[in-house]
Amino acid sequence: MKYSNRTIALMMSILMVAVLFSACGAAINEPATTTVVTEASTTTAVPTLDMTRKIKISMATTSTHSTPNDAKYVKIMEDKYNIDLDIWECYGENYVTQVNAKIAGGEIPDVVKMSGGLPVADYVKQGLIIPIEEDFLKTNMPKYYADLYALSPTPFKYCKVDGKIYGIPGTSADGIYHFTCIFRSDWLANVGITKVPETLAEYEAAFYAFTNDDPDKNGKNDTYGLSNLGLIPVMGAFGCIPYNNSPQNLAEYSTVKDGKVVHAASQPEMKEALKLLNKLYKDGVIDPEFATGERKEGHWSASQAFSTGRIGFTSCGQYYNTGRMDEMGRDGRVFKLFKDTQTALGITSSDYVHAKPPIGPTGKSGGIKWGVEQGIAFAFGKPMENDIEKQTRVAMWFDDMWMVQDNYMSLIYGIKGVDWNQDADGTMHIGLSADTKLAFENDETDKIGLGFMFIPDIASAMKKETPKYYAFADKVANFTSDYVDPVSGAPIADALTYKEDLNKLTLSAYYDMITGKQPIDTYFDQYVKDWDAAGGTVVMQQYQDFYDKNIK
């Protein structure tokens with residue numbers, strides 16, 4: 001996702017200790033009075049929030065490396081907000097396992113960041129996290145609450161279990177953007193195509209030319225039109241995205257038809273998409289190695305097949321993966337891999353160009369999108385259940401950290417004017433002090449207490465932080481609407497029981513039909529029956545129930 005070149009790390013600094021505590025309008029050490037709403041929706045006044053009383057907050061939250069409780073920027077934040085943080089030793093790829101192990105040992109954090117696959121529905125069932133009233137957040141996180149509704153009319157839809165909200169919603173500033181489509185521009189020129197393809201027919205013509213017309217001018221028959229990542233927007237031209245970008249990160253999609261949640265890969269229009277892909281495969285246009293994927297190593301957006309000149313089209317990542325310095329202020333991972341690979345091959349004239357996802361025969365067009373609403377970002381643990389004052393202090397702390405722009409920036413980069421500055425045009429200057437410079441160079445900002453540990457994506461803040469990013473995103477990745485799975489973030493425990501097997505079944509069936517191992521006209525219907533019988537019917541009914549109660 002966004003900021004993938006930074007460590008999704010711990011903590012922050014937030015300017016100076018003397019800064020006003022904006023969320024309650026008082027200096028940090030002054031008492032304040034507020035109103036909170038309990039689970040039963042009755043209004044209860046807390047006479048005084050004693051801001052002079054330091055409160056201890058235990059927290060499980062994500063980072064790449066361990067962050068000491070006495071890290072420099074953690075201490076600055078603690079002083080500012082008059083809190084004492086106990087940060088759990090849970091981080092990296094083992095975050096979920098480590099959090100669950102501590103809970104199994106009898107510990108429950110006051111606040112938990114619901115990242116990395118922590119099971120919301122299971123936590124609710126076990127009583128590990130507690131409900132939060134929407135009015136409570138409206139009262140005590142007014143700036144963030146307003147920001148949520150500025151992004152989506154239903155920001156809480158993935159935060160509910162049995163009608164109750166179980167956490168503070170997260171959002172994705174990049175959720176409105178689809179994965180970018182890129183063509184080798186030098187190949188287009190070499191095969192005589194002067195217009196970047198837009199329609200599916202124009203895409204097909206380019207794919208065949210890339211396969212048959214020696215686009216790299218090496219005199220060999222060693223090129224193809226596309227591979228596995230490029231299949232997705234082609235299928236999107238028929239109206240659905242059946243699954244996401246690769247076997248390494250597989251997830252199926254749902255879509256909505258006439259108010260009903262349906263399994264995208266089972267829709268009849270996908271049969272037509274498969275017929276086209278089967279034709280392309282038989283004609284040698286699809287890389288015969290597509291089943292093993294374009295990515296051989298490295299970041300999930302890596303496409304070695306595209307970078308080495310094996311294929312001429314791909315849709316391997318978001319705008320920030322495929323952009324370059326002159327376009328968005330830094331080189332994306334895909335661009336760096338492409339240029340480094342081409343340089344190693346001794347090719348100096350290579351380049352690529354962004355395209356719209358292909359427009360299909362009925363005007364449909366779309367690529368992978370993950371949507372704005374991202375479910376629960378932070379939840380309150382069971383120990384907070386009867387401590388309304390602590391709940392309120394945490395909510396106000398979050399609102400001030402997240403929604404005051406300089407505070408938000410200081411969570412990531414350090415102290416303004418000491419560790420970072422920003423020009424009027426949005427250009428960032430980071431790593432200005434010795435400790436932050438070294439931390440950024442080593443990708444270890446979490447070790448000194450900086451990063452994204454205490455914040456979700458804040459779209460409004462991110463667009464102010466990197467305006468050039470989003471101007472570029474609007475230019476190359478904002479061509480389609482819809483195509484977002486309507487229930488992808490739904491906290492449905494039982495669906496996880498079937499998910500892995502269903503994903504594998506779909507991928508295997510689709511690849512068998514694309515390669516001709518199975519006949520599409522008869523096998524597609526059998527695949528749908530097999531998917532339903534393998535748990536798909538149960539999953540879709542759960543999705544429908546959730547959609548009816550929380551979204552529709």
# chains A, B, ... in the order shown; residues from 1 in each chain; ligands from 1

$ closest_atom_pairs --of "range 238-283 of chain A" --to "range 463-483 of chain A" --cutoff "9 Å" --atoms "only C-alpha atoms" --output "JSON lines"
{"residue": "A:Gly239", "atom": "CA", "partner": "A:Tyr483", "partner_atom": "CA", "distance": 8.2}
{"residue": "A:Cys240", "atom": "CA", "partner": "A:Tyr483", "partner_atom": "CA", "distance": 6.8}
{"residue": "A:Ile241", "atom": "CA", "partner": "A:Tyr483", "partner_atom": "CA", "distance": 6.8}
{"residue": "A:Tyr253", "atom": "CA", "partner": "A:Tyr483", "partner_atom": "CA", "distance": 9.0}
{"residue": "A:Thr255", "atom": "CA", "partner": "A:Tyr483", "partner_atom": "CA", "distance": 7.4}

$ select_by_dssp --residues "range 390-542 of chain A" --states "alpha helix (DSSP H)" --output "MDAnalysis selection string"
chainID A and resid 390:403 405:413 434:441 459:465 467:476 495:515 520:531 537:542

$ residues_around --residues "Lys282 in chain A" --least-positions-apart "2" --cutoff "12 Å" --atoms "only C-alpha atoms" --output "number ranges by chain"
A: 208, 275-280, 284-288, 513-517

$ closest_residue --among "A:Ala379, A:Val256, A:Ala461, A:Leu188" --to "Ser350 in chain A" --atoms "only C-alpha atoms"
A:Leu188

$ residues_around --residues "Ala377 in chain A" --least-positions-apart "6" --cutoff "7 Å" --atoms "only C-alpha atoms" --output "VMD selection string"
chain A and resid 113 to 114 167 to 170 456

$ write_last_selection --atoms "N, CA and C atoms" --output "tab-separated table (two decimals), in the first residue's frame"
chain	number	residue	atom	x	y	z
A	113	LYS	N	-3.93	-2.63	17.51
A	113	LYS	CA	-4.06	-2.32	16.09
A	113	LYS	C	-4.43	-3.59	15.36
A	114	MET	N	-5.59	-3.57	14.70
A	114	MET	CA	-6.12	-4.79	14.08
A	114	MET	C	-5.53	-4.96	12.68
A	167	GLY	N	-14.59	-0.95	16.92
A	167	GLY	CA	-13.29	-0.31	16.78
A	167	GLY	C	-13.36	0.98	15.98
A	168	ILE	N	-12.26	1.68	15.97
A	168	ILE	CA	-12.12	2.92	15.23
A	168	ILE	C	-11.80	2.57	13.78
A	169	PRO	N	-12.60	3.06	12.83
A	169	PRO	CA	-12.40	2.66	11.43
A	169	PRO	C	-11.07	3.11	10.87
A	170	GLY	N	-10.56	2.31	9.96
A	170	GLY	CA	-9.41	2.70	9.17
A	170	GLY	C	-9.87	2.99	7.75
A	456	PRO	N	-3.64	5.10	11.32
A	456	PRO	CA	-4.08	4.49	10.07
A	456	PRO	C	-3.77	5.45	8.92

$ atom_distance --atom1 "CA of Thr322 in chain A" --atom2 "CA of Ile176 in chain A"
16.6 Å

$ select_by_dssp --residues "range 127-240 of chain A" --states "strand (DSSP E)" --output "list of chain:residue names"
A:Lys160, A:Val161, A:Lys164, A:Ile165, A:Ile168, A:Pro169, A:Gly170, A:Thr171, A:Thr180, A:Cys181, A:Ile182, A:Phe183, A:Arg184

$ closest_atom_pairs --of "range 283-402 of chain A" --to "range 67-80 of chain A" --cutoff "12 Å" --atoms "only C-alpha atoms" --output "Markdown table"
| residue | atom | partner | partner_atom | distance |
| --- | --- | --- | --- | --- |
| A:Trp397 | CA | A:Lys80 | CA | 9.8 |
| A:Phe398 | CA | A:Met77 | CA | 11.6 |
| A:Asp400 | CA | A:Lys80 | CA | 11.0 |
| A:Met401 | CA | A:Met77 | CA | 9.4 |

$ residues_around --residues "range 494-509 of chain A" --least-positions-apart "5" --cutoff "10 Å" --atoms "only C-alpha atoms" --output "ChimeraX atom specification"
/A:119,121-122,242-243,246-247,250-253,265-266,291,514,517-518,520,523-524,526-528,530-536,538-543

$ atom_distance --atom1 "CA of Arg393 in chain A" --atom2 "CA of Glu133 in chain A"
15.4 Å

$ closest_residue --among "A:Gly230, A:Pro142, A:Gly375, A:Gly414" --to "Asn244 in chain A" --atoms "only C-alpha atoms"
A:Gly230
